[in-house]
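Participant: Here you go, one structure.
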Amino acid sequence: MVNIGQYVRYPYRVFLPLASRGLFKSMSDKTYLKLMFHARMGYKLNLKDPQTFNEKLQWLKLYDRKPEYTAMVDKYEAKKYVADRIGKEYIIPTLGVWDSFDDIDFNKLPSQFVLKCTHDSGGLVICKDKDQFDIGEARVKIEKSLNNNYYLWCREWPYKNVKPRIIAEQYMANEDEAASNSGLIDYKFYCFNGNPKYLYVSQGMDNHETAKLSFATIDWTIAPFGRNDYPPLNSLPKRPSHFSEMVDIAKQLSHGHPFLRVDLYEINDRVYFSELTFSPCAGFMQFEPEEYDFKLGSMLELPEKK
């Protein structure tokens, strides 16, 4: 019989390696998250009176579960969800959707495109030149993602019932060559009860080894905190031309939700939707300085537990 106590006592040495092998698949979400939280954050998860941002995200994982959340995080279904609310002009065109890699007819795809899995984070392949595209390498990455049960690792409930599929999207790049070479800039708005408080600006996220990000205020200044898993930007890029429009979109899409991250792009002087996220870093974000885990937590008002 598994002795749960030993994983609380030795979280880093024992629990995380065994969890990564799927040993605790049958464990309840609540017990699993308590153990995972202690292992990754270094302090015990308080669900009775959560105070930090990360604690409150864990609470929401367990007690804020609405059917529409599944469509909101599905990279295919979210497009219709968002288009119905802000307009289809903000949606990056979809070129196809398939259940398996073998179903893709690459002859029908343009010379440039992007492949994504609908149910996870990281199942991404970018093709900038189909003549140089390694289909075998793409197959390995996409099929690995299709077989990944994204919900089980961090128990993010919205992903539990998302059907694993593959979509192809139109390849998007700024006409400005310098901007295109450095990759698209992501603008990820942290919205509390429909009110964007901060955003983080990231660049080069298609390659996590070289990506950079920094938090910013809605007034477009560097925020006094950051994350310890990515290096910061040397400076904030130029404020987007349509920043006010982005803020309005973030307000619309996050309305009625205790917390929602709304991700947007500005490409060739137009705003485009990227994705919606209920629990950034699955609620295991390491803030620097640590006090901002509490400060952002104070902004998140939890609904009544039902």
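Naming works like this for the structure tokens: A, B, ... for the chains as they're shown, residue 1 at the start of each chain, ligands 1 onward in shown order.
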What's around region 69-79 of chain A at 8 Å? Count only C-alpha atoms, leave out sequence neighbours fewer than 3 positions away in its own chain, and write the answer as a PyMOL selection string.
Facilitator: chain A and resi 65-66+82-83+91+97+117-119+158-163+167+275-277
Participant: Give me the residues within 12 Å of Leu152 (chain A) as a JSON list (two decimals) with C-alpha atoms, in the first residue's frame, counting only C-alpha atoms and dropping any in the same chain fewer than 2 places off.
Facilitator:
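Listed below is the output, out-v8.json:
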[["chain", "number", "residue", "atom", "x", "y", "z"],
["A", 19, "ALA", "CA", 3.76, 11.28, -10.55],
["A", 20, "SER", "CA", 5.51, 11.80, -13.89],
["A", 21, "ARG", "CA", 5.23, 8.04, -14.46],
["A", 22, "GLY", "CA", 1.49, 8.16, -13.90],
["A", 23, "LEU", "CA", 1.57, 6.23, -10.62],
["A", 24, "PHE", "CA", -1.19, 8.35, -9.09],
["A", 25, "LYS", "CA", -3.75, 8.30, -11.91],
["A", 26, "SER", "CA", -6.50, 7.00, -9.63],
["A", 27, "MET", "CA", -5.78, 9.47, -6.82],
["A", 28, "SER", "CA", -8.47, 12.09, -6.19],
["A", 29, "ASP", "CA", -7.81, 15.53, -7.65],
["A", 32, "TYR", "CA", -3.10, 14.82, -5.77],
["A", 33, "LEU", "CA", -3.03, 18.62, -5.94],
["A", 36, "MET", "CA", 1.88, 18.23, -6.12],
["A", 120, "ASP", "CA", -2.46, 20.43, -24.60],
["A", 147, "ASN", "CA", -1.07, 10.53, -26.59],
["A", 148, "ASN", "CA", -0.48, 12.96, -23.73],
["A", 149, "ASN", "CA", -3.27, 13.12, -21.14],
["A", 150, "TYR", "CA", -2.78, 16.79, -20.36],
["A", 154, "CYS", "CA", -1.66, 18.95, -13.10],
["A", 155, "ARG", "CA", -5.40, 18.11, -12.86],
["A", 156, "GLU", "CA", -6.54, 21.16, -14.83],
["A", 157, "TRP", "CA", -10.20, 20.21, -15.07],
["A", 158, "PRO", "CA", -11.09, 22.26, -18.21],
["A", 159, "TYR", "CA", -8.80, 19.98, -20.27],
["A", 160, "LYS", "CA", -10.23, 16.71, -18.95],
["A", 161, "ASN", "CA", -12.82, 16.26, -21.71],
["A", 282, "ALA", "CA", -1.21, 25.14, -13.81]]
Participant: Determine the nearest neighbour of Leu16 (chain A) from the options A:Trp153, A:Arg139, A:Asn234, A:Lys48, counting only C-alpha atoms.
Facilitator: A:Trp153
Participant: Near Leu264 (chain A), within 6 Å and counting only C-alpha atoms, which residues show up once chain neighbours fewer than 3 positions away are dropped, as an MDAnalysis selection string?
Facilitator: chainID A and resid 187 272:274
Participant: Among region 36-259 of chain A, which residues does DSSP mark as helix (DSSP H, G or I) when it is run on the backbone? Keep the chain and numbering as in the structure and answer as an MDAnalysis selection string.
Facilitator: chainID A and resid 36:41 53:63 68:73 77:86 88:90 101:103 106:108 130:132 135:146 150:154 157:159 177:181 243:254
Participant: Would you kindly return, as a PyMOL selection string, each protein, DNA or RNA residue with an atom no farther than 12 Å from any atom of region 98-109 of chain A, considering only C-alpha atoms and excluding same-chain residues fewer than 5 positions away?
Facilitator: chain A and resi 76+114-119+127-131+133-147+163-171
Participant: With distances taken over only C-alpha atoms, which residue among A:Met41, A:Phe259, A:Tyr265, A:Val14 lies nearest Ser298 (chain A)?
Facilitator: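 Once distances to Ser298 (chain A) are computed over only C-alpha atoms, the minimum belongs to A:Phe259.
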Participant: CA of Pro50 (chain A) to CA of Leu302 (chain A): how many Å, to one decimal?
Facilitator: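 Interatomic distance, CA of Pro50 (chain A) to CA of Leu302 (chain A): 9.4 Å.
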Participant: For CA of Leu60 (chain A) and CA of Leu124 (chain A), quote the distance in Å rounded to one decimal.
Facilitator: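 CA of Leu124 (chain A) lies at a distance of 27.3 Å from CA of Leu60 (chain A).
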Participant: Take CA of Gly87 (chain A) and CA of His255 (chain A) and report the distance between them in Å, one decimal.
Facilitator: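 Taking CA of Gly87 (chain A) as the start and CA of His255 (chain A) as the end point, the length is 16.1 Å.
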Participant: Can you pull out every residue within 12 Å of region 242-246 of chain A, counting only C-alpha atoms, but drop anything in the same chain fewer than 6 positions away, and send it as a list in words?
Facilitator: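 Contacts, with the query itself left out: Ile86, Tyr90, Asp186, Tyr187, Lys188, Phe189, Pro196, Leu199, Ile218, Asp219, Trp220, Gln252, Leu253, Val262, Asp263, Leu264, Tyr265, Glu266, Ile267, Asn268, Asp269, Arg270, Val271, Tyr272, Phe273 and Ser274 of chain A.
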Participant: Residues of the last selection are to be written out with N, CA, C and O atoms, as a CSV table (one decimal), in the first residue's frame.
Facilitator:
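Written file, result.csv:
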chain,number,residue,atom,x,y,z
A,86,ILE,N,-16.7,38.3,-29.9
A,86,ILE,CA,-16.0,39.5,-30.3
A,86,ILE,C,-15.9,39.7,-31.8
A,86,ILE,O,-15.5,40.7,-32.3
A,90,TYR,N,-11.3,38.4,-35.6
A,90,TYR,CA,-10.1,38.3,-34.7
A,90,TYR,C,-9.5,36.9,-34.7
A,90,TYR,O,-8.6,36.6,-34.0
A,186,ASP,N,3.6,37.7,-27.9
A,186,ASP,CA,2.4,37.3,-27.2
A,186,ASP,C,2.1,38.4,-26.1
A,186,ASP,O,3.0,38.8,-25.4
A,187,TYR,N,0.8,38.7,-26.1
A,187,TYR,CA,0.3,39.6,-25.0
A,187,TYR,C,-0.7,38.9,-24.2
A,187,TYR,O,-1.8,38.6,-24.7
A,188,LYS,N,-0.4,38.5,-23.0
A,188,LYS,CA,-1.2,37.6,-22.2
A,188,LYS,C,-1.7,38.4,-21.0
A,188,LYS,O,-1.0,38.7,-20.1
A,189,PHE,N,-3.0,38.7,-21.0
A,189,PHE,CA,-3.7,39.6,-20.0
A,189,PHE,C,-4.2,38.8,-18.8
A,189,PHE,O,-4.9,37.8,-19.0
A,196,PRO,N,-8.7,43.4,-16.5
A,196,PRO,CA,-7.2,43.2,-16.7
A,196,PRO,C,-6.4,44.0,-15.8
A,196,PRO,O,-6.4,45.2,-15.8
A,199,LEU,N,-0.3,42.1,-17.6
A,199,LEU,CA,-0.2,41.2,-18.7
A,199,LEU,C,1.3,40.8,-18.7
A,199,LEU,O,2.1,41.5,-18.1
A,218,ILE,N,-0.9,47.7,-17.0
A,218,ILE,CA,-1.8,48.1,-18.1
A,218,ILE,C,-1.4,49.5,-18.6
A,218,ILE,O,-1.7,49.9,-19.7
A,219,ASP,N,-0.6,50.2,-17.8
A,219,ASP,CA,0.0,51.5,-18.2
A,219,ASP,C,1.2,51.3,-19.1
A,219,ASP,O,1.9,52.3,-19.5
A,220,TRP,N,1.6,50.1,-19.4
A,220,TRP,CA,2.7,49.8,-20.2
A,220,TRP,C,4.1,50.2,-19.6
A,220,TRP,O,4.9,50.8,-20.2
A,252,GLN,N,-14.0,41.8,-22.3
A,252,GLN,CA,-15.2,41.1,-22.8
A,252,GLN,C,-15.1,39.6,-22.6
A,252,GLN,O,-16.0,38.9,-22.1
A,253,LEU,N,-13.9,39.0,-22.9
A,253,LEU,CA,-13.8,37.6,-22.8
A,253,LEU,C,-13.6,37.0,-21.4
A,253,LEU,O,-14.0,35.9,-21.1
A,262,VAL,N,-6.2,36.0,-21.0
A,262,VAL,CA,-6.6,36.2,-22.4
A,262,VAL,C,-5.4,36.5,-23.2
A,262,VAL,O,-4.7,37.5,-22.9
A,263,ASP,N,-5.1,35.6,-24.2
A,263,ASP,CA,-3.8,35.8,-25.0
A,263,ASP,C,-4.2,36.3,-26.3
A,263,ASP,O,-5.0,35.8,-27.0
A,264,LEU,N,-3.5,37.4,-26.7
A,264,LEU,CA,-3.7,38.1,-28.0
A,264,LEU,C,-2.4,38.3,-28.7
A,264,LEU,O,-1.3,38.3,-28.1
A,265,TYR,N,-2.5,38.6,-30.0
A,265,TYR,CA,-1.4,39.1,-30.9
A,265,TYR,C,-1.8,40.4,-31.5
A,265,TYR,O,-3.0,40.7,-31.7
A,266,GLU,N,-0.8,41.1,-31.9
A,266,GLU,CA,-1.0,42.2,-32.9
A,266,GLU,C,-0.1,41.9,-34.1
A,266,GLU,O,1.1,41.9,-34.0
A,267,ILE,N,-0.8,41.6,-35.3
A,267,ILE,CA,0.0,41.2,-36.4
A,267,ILE,C,-0.5,42.1,-37.6
A,267,ILE,O,-1.6,42.1,-37.9
A,268,ASN,N,0.5,42.7,-38.2
A,268,ASN,CA,0.3,43.6,-39.4
A,268,ASN,C,-0.9,44.6,-39.1
A,268,ASN,O,-1.8,44.7,-39.8
A,269,ASP,N,-0.8,45.2,-37.9
A,269,ASP,CA,-1.7,46.3,-37.5
A,269,ASP,C,-3.1,45.8,-37.2
A,269,ASP,O,-4.1,46.5,-37.3
A,270,ARG,N,-3.3,44.5,-36.9
A,270,ARG,CA,-4.6,43.9,-36.5
A,270,ARG,C,-4.4,43.0,-35.3
A,270,ARG,O,-3.4,42.4,-35.1
A,271,VAL,N,-5.5,43.0,-34.5
A,271,VAL,CA,-5.5,42.2,-33.3
A,271,VAL,C,-6.0,40.8,-33.6
A,271,VAL,O,-7.0,40.7,-34.3
A,272,TYR,N,-5.4,39.7,-33.1
A,272,TYR,CA,-5.9,38.4,-33.3
A,272,TYR,C,-5.9,37.6,-31.9
A,272,TYR,O,-5.1,37.9,-31.1
A,273,PHE,N,-6.9,36.8,-31.8
A,273,PHE,CA,-7.0,35.9,-30.6
A,273,PHE,C,-6.0,34.8,-30.7
A,273,PHE,O,-5.8,34.2,-31.7
A,274,SER,N,-5.4,34.4,-29.5
A,274,SER,CA,-4.5,33.3,-29.4
A,274,SER,C,-5.2,32.1,-28.6
A,274,SER,O,-5.5,31.1,-29.2
Participant: Might you pull out every residue within 8 Å of Asn193 (chain A), with only C-alpha atoms counted and same-chain residues fewer than 3 positions away left off, and present them as an NGL selection string?
Facilitator: :A and (254-259 or 300-301)
Participant: Could you write out the selected residues, including all heavy atoms, as a PDB file, in the first residue's frame?
Facilitator:
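The resulting file, again_2.pdb, is reproduced below:
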ATOM      1  N   SER A 254     -13.160  37.888 -20.497  1.00  0.00           N
ATOM      2  CA  SER A 254     -12.967  37.437 -19.113  1.00  0.00           C
ATOM      3  C   SER A 254     -14.144  37.786 -18.214  1.00  0.00           C
ATOM      4  O   SER A 254     -14.163  37.403 -17.040  1.00  0.00           O
ATOM      5  CB  SER A 254     -11.686  38.041 -18.528  1.00  0.00           C
ATOM      6  OG  SER A 254     -11.769  39.455 -18.470  1.00  0.00           O
ATOM      7  N   HIS A 255     -15.123  38.487 -18.753  1.00  0.00           N
ATOM      8  CA  HIS A 255     -16.270  38.897 -17.938  1.00  0.00           C
ATOM      9  C   HIS A 255     -16.970  37.680 -17.332  1.00  0.00           C
ATOM     10  O   HIS A 255     -17.255  36.702 -18.012  1.00  0.00           O
ATOM     11  CB  HIS A 255     -17.263  39.686 -18.793  1.00  0.00           C
ATOM     12  CG  HIS A 255     -18.500  40.095 -18.045  1.00  0.00           C
ATOM     13  ND1 HIS A 255     -18.492  41.090 -17.086  1.00  0.00           N
ATOM     14  CD2 HIS A 255     -19.781  39.627 -18.092  1.00  0.00           C
ATOM     15  CE1 HIS A 255     -19.702  41.231 -16.595  1.00  0.00           C
ATOM     16  NE2 HIS A 255     -20.509  40.352 -17.177  1.00  0.00           N
ATOM     17  N   GLY A 256     -17.241  37.751 -16.042  1.00  0.00           N
ATOM     18  CA  GLY A 256     -17.950  36.670 -15.370  1.00  0.00           C
ATOM     19  C   GLY A 256     -17.073  35.547 -14.868  1.00  0.00           C
ATOM     20  O   GLY A 256     -17.587  34.556 -14.328  1.00  0.00           O
ATOM     21  N   HIS A 257     -15.754  35.690 -14.999  1.00  0.00           N
ATOM     22  CA  HIS A 257     -14.836  34.645 -14.549  1.00  0.00           C
ATOM     23  C   HIS A 257     -13.943  35.191 -13.429  1.00  0.00           C
ATOM     24  O   HIS A 257     -13.396  36.289 -13.562  1.00  0.00           O
ATOM     25  CB  HIS A 257     -13.968  34.145 -15.703  1.00  0.00           C
ATOM     26  CG  HIS A 257     -14.757  33.550 -16.829  1.00  0.00           C
ATOM     27  ND1 HIS A 257     -15.418  32.343 -16.720  1.00  0.00           N
ATOM     28  CD2 HIS A 257     -15.018  34.011 -18.075  1.00  0.00           C
ATOM     29  CE1 HIS A 257     -16.037  32.076 -17.847  1.00  0.00           C
ATOM     30  NE2 HIS A 257     -15.820  33.072 -18.693  1.00  0.00           N
ATOM     31  N   PRO A 258     -13.781  34.445 -12.326  1.00  0.00           N
ATOM     32  CA  PRO A 258     -12.916  34.925 -11.239  1.00  0.00           C
ATOM     33  C   PRO A 258     -11.513  35.264 -11.726  1.00  0.00           C
ATOM     34  O   PRO A 258     -10.938  36.277 -11.335  1.00  0.00           O
ATOM     35  CB  PRO A 258     -12.894  33.742 -10.262  1.00  0.00           C
ATOM     36  CG  PRO A 258     -14.124  32.971 -10.565  1.00  0.00           C
ATOM     37  CD  PRO A 258     -14.374  33.132 -12.025  1.00  0.00           C
ATOM     38  N   PHE A 259     -10.976  34.398 -12.582  1.00  0.00           N
ATOM     39  CA  PHE A 259      -9.679  34.676 -13.207  1.00  0.00           C
ATOM     40  C   PHE A 259      -9.660  34.039 -14.592  1.00  0.00           C
ATOM     41  O   PHE A 259     -10.136  32.906 -14.772  1.00  0.00           O
ATOM     42  CB  PHE A 259      -8.500  34.122 -12.400  1.00  0.00           C
ATOM     43  CG  PHE A 259      -7.187  34.319 -13.128  1.00  0.00           C
ATOM     44  CD1 PHE A 259      -6.518  35.524 -13.058  1.00  0.00           C
ATOM     45  CD2 PHE A 259      -6.654  33.309 -13.923  1.00  0.00           C
ATOM     46  CE1 PHE A 259      -5.339  35.721 -13.766  1.00  0.00           C
ATOM     47  CE2 PHE A 259      -5.477  33.497 -14.625  1.00  0.00           C
ATOM     48  CZ  PHE A 259      -4.811  34.711 -14.547  1.00  0.00           C
ATOM     49  N   LEU A 300      -7.705  38.211  -6.557  1.00  0.00           N
ATOM     50  CA  LEU A 300      -8.563  37.129  -7.056  1.00  0.00           C
ATOM     51  C   LEU A 300      -9.651  36.823  -6.027  1.00  0.00           C
ATOM     52  O   LEU A 300      -9.368  36.277  -4.968  1.00  0.00           O
ATOM     53  CB  LEU A 300      -7.717  35.891  -7.349  1.00  0.00           C
ATOM     54  CG  LEU A 300      -8.243  34.910  -8.403  1.00  0.00           C
ATOM     55  CD1 LEU A 300      -7.193  33.835  -8.717  1.00  0.00           C
ATOM     56  CD2 LEU A 300      -9.539  34.259  -8.023  1.00  0.00           C
ATOM     57  N   GLU A 301     -10.866  37.200  -6.357  1.00  0.00           N
ATOM     58  CA  GLU A 301     -12.006  36.961  -5.470  1.00  0.00           C
ATOM     59  C   GLU A 301     -12.674  35.648  -5.858  1.00  0.00           C
ATOM     60  O   GLU A 301     -13.183  35.520  -6.983  1.00  0.00           O
ATOM     61  CB  GLU A 301     -12.996  38.121  -5.578  1.00  0.00           C
ATOM     62  CG  GLU A 301     -14.187  37.995  -4.653  1.00  0.00           C
ATOM     63  CD  GLU A 301     -15.155  39.171  -4.766  1.00  0.00           C
ATOM     64  OE1 GLU A 301     -14.761  40.190  -5.370  1.00  0.00           O
ATOM     65  OE2 GLU A 301     -16.284  39.047  -4.267  1.00  0.00           O
TER      66      GLU A 301
END
Participant: Please return as number ranges by chain: the residues of region 122-244 of chain A that backbone DSSP assigns to strand (DSSP E or B).
Facilitator: A: 124-127, 166-170, 185-192, 195-203, 212-217, 222, 226-227
Participant: Could you take the residues named above and write them with N, CA, C and O atoms, as a short mmCIF file (atom, residue, chain, number, x, y, z; two decimals), in the first residue's frame?
Facilitator:
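Produced file out_6.cif, reproduced below:
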data_model
loop_
_atom_site.label_atom_id
_atom_site.label_comp_id
_atom_site.auth_asym_id
_atom_site.auth_seq_id
_atom_site.Cartn_x
_atom_site.Cartn_y
_atom_site.Cartn_z
N LEU A 124 3.08 21.73 -30.86
CA LEU A 124 3.14 22.79 -31.88
C LEU A 124 4.26 22.52 -32.86
O LEU A 124 5.39 22.23 -32.47
N VAL A 125 3.95 22.62 -34.15
CA VAL A 125 4.94 22.48 -35.21
C VAL A 125 4.72 23.62 -36.20
O VAL A 125 3.61 23.82 -36.69
N ILE A 126 5.78 24.37 -36.51
CA ILE A 126 5.69 25.50 -37.43
C ILE A 126 6.40 25.15 -38.73
O ILE A 126 7.56 24.73 -38.72
N CYS A 127 5.71 25.30 -39.84
CA CYS A 127 6.29 25.06 -41.16
C CYS A 127 6.41 26.40 -41.89
O CYS A 127 5.39 27.01 -42.23
N ILE A 166 -5.82 17.41 -34.14
CA ILE A 166 -4.78 18.23 -34.75
C ILE A 166 -5.47 19.29 -35.59
O ILE A 166 -6.40 18.98 -36.35
N ILE A 167 -5.03 20.53 -35.46
CA ILE A 167 -5.50 21.56 -36.37
C ILE A 167 -4.31 22.16 -37.11
O ILE A 167 -3.19 22.19 -36.60
N ALA A 168 -4.57 22.61 -38.33
CA ALA A 168 -3.61 23.40 -39.08
C ALA A 168 -4.14 24.82 -39.16
O ALA A 168 -5.32 25.03 -39.46
N GLU A 169 -3.29 25.78 -38.86
CA GLU A 169 -3.66 27.19 -38.93
C GLU A 169 -2.82 27.90 -39.97
O GLU A 169 -1.71 27.47 -40.31
N GLN A 170 -3.35 29.00 -40.44
CA GLN A 170 -2.59 29.87 -41.32
C GLN A 170 -1.35 30.38 -40.59
O GLN A 170 -1.42 30.77 -39.44
N ILE A 185 5.07 38.39 -30.96
CA ILE A 185 5.01 38.78 -29.56
C ILE A 185 3.64 38.38 -29.01
O ILE A 185 2.62 38.66 -29.62
N ASP A 186 3.64 37.70 -27.86
CA ASP A 186 2.40 37.33 -27.18
C ASP A 186 2.07 38.39 -26.14
O ASP A 186 2.96 38.84 -25.40
N TYR A 187 0.80 38.73 -26.07
CA TYR A 187 0.31 39.64 -25.03
C TYR A 187 -0.72 38.86 -24.22
O TYR A 187 -1.83 38.59 -24.69
N LYS A 188 -0.37 38.49 -22.99
CA LYS A 188 -1.19 37.60 -22.19
C LYS A 188 -1.74 38.38 -20.98
O LYS A 188 -0.99 38.70 -20.06
N PHE A 189 -3.03 38.68 -21.01
CA PHE A 189 -3.65 39.55 -20.03
C PHE A 189 -4.17 38.76 -18.84
O PHE A 189 -4.93 37.80 -19.00
N TYR A 190 -3.76 39.17 -17.64
CA TYR A 190 -4.23 38.57 -16.39
C TYR A 190 -5.46 39.33 -15.94
O TYR A 190 -5.36 40.47 -15.47
N CYS A 191 -6.63 38.67 -16.06
CA CYS A 191 -7.91 39.34 -15.82
C CYS A 191 -8.58 38.79 -14.58
O CYS A 191 -8.78 37.56 -14.46
N PHE A 192 -8.93 39.68 -13.67
CA PHE A 192 -9.57 39.31 -12.41
C PHE A 192 -11.00 39.84 -12.43
O PHE A 192 -11.22 41.05 -12.46
N ASN A 195 -11.50 42.23 -15.15
CA ASN A 195 -10.68 43.44 -15.09
C ASN A 195 -9.21 43.10 -15.33
O ASN A 195 -8.57 42.51 -14.45
N PRO A 196 -8.65 43.44 -16.49
CA PRO A 196 -7.23 43.18 -16.74
C PRO A 196 -6.36 44.03 -15.82
O PRO A 196 -6.44 45.25 -15.82
N LYS A 197 -5.53 43.36 -15.02
CA LYS A 197 -4.66 44.05 -14.05
C LYS A 197 -3.21 44.12 -14.53
O LYS A 197 -2.53 45.11 -14.33
N TYR A 198 -2.74 43.02 -15.08
CA TYR A 198 -1.39 42.93 -15.61
C TYR A 198 -1.44 42.13 -16.90
O TYR A 198 -2.46 41.52 -17.24
N LEU A 199 -0.33 42.13 -17.61
CA LEU A 199 -0.15 41.21 -18.71
C LEU A 199 1.30 40.80 -18.72
O LEU A 199 2.15 41.47 -18.11
N TYR A 200 1.58 39.67 -19.35
CA TYR A 200 3.00 39.46 -19.62
C TYR A 200 3.22 39.42 -21.10
O TYR A 200 2.37 39.01 -21.89
N VAL A 201 4.37 39.96 -21.47
CA VAL A 201 4.78 40.10 -22.86
C VAL A 201 5.88 39.09 -23.10
O VAL A 201 6.90 39.10 -22.40
N SER A 202 5.66 38.20 -24.04
CA SER A 202 6.66 37.16 -24.29
C SER A 202 7.01 37.11 -25.77
O SER A 202 6.19 37.46 -26.63
N GLN A 203 8.22 36.65 -26.03
CA GLN A 203 8.69 36.57 -27.41
C GLN A 203 9.48 35.27 -27.60
O GLN A 203 10.22 34.84 -26.72
N LYS A 212 11.85 34.73 -23.97
CA LYS A 212 11.96 35.71 -22.89
C LYS A 212 10.57 36.26 -22.60
O LYS A 212 9.72 36.33 -23.49
N LEU A 213 10.37 36.67 -21.35
CA LEU A 213 9.08 37.30 -21.01
C LEU A 213 9.25 38.23 -19.83
O LEU A 213 10.13 38.05 -18.98
N SER A 214 8.38 39.22 -19.81
CA SER A 214 8.33 40.17 -18.68
C SER A 214 6.88 40.54 -18.42
O SER A 214 6.08 40.67 -19.35
N PHE A 215 6.55 40.71 -17.13
CA PHE A 215 5.24 41.23 -16.77
C PHE A 215 5.22 42.74 -16.96
O PHE A 215 6.23 43.42 -16.77
N ALA A 216 4.05 43.25 -17.33
CA ALA A 216 3.87 44.69 -17.52
C ALA A 216 2.56 45.12 -16.90
O ALA A 216 1.64 44.32 -16.71
N THR A 217 2.49 46.40 -16.57
CA THR A 217 1.24 46.98 -16.09
C THR A 217 0.38 47.37 -17.29
O THR A 217 0.86 47.44 -18.43
N ILE A 222 7.18 48.26 -16.97
CA ILE A 222 7.63 46.98 -16.42
C ILE A 222 7.05 46.79 -15.02
O ILE A 222 7.14 47.68 -14.17
N GLY A 226 8.28 39.19 -11.54
CA GLY A 226 8.47 38.35 -12.72
C GLY A 226 8.38 36.88 -12.37
O GLY A 226 7.94 36.51 -11.28
N ARG A 227 8.77 36.04 -13.32
CA ARG A 227 8.82 34.60 -13.12
C ARG A 227 10.28 34.16 -13.16
O ARG A 227 11.13 34.81 -13.78
#
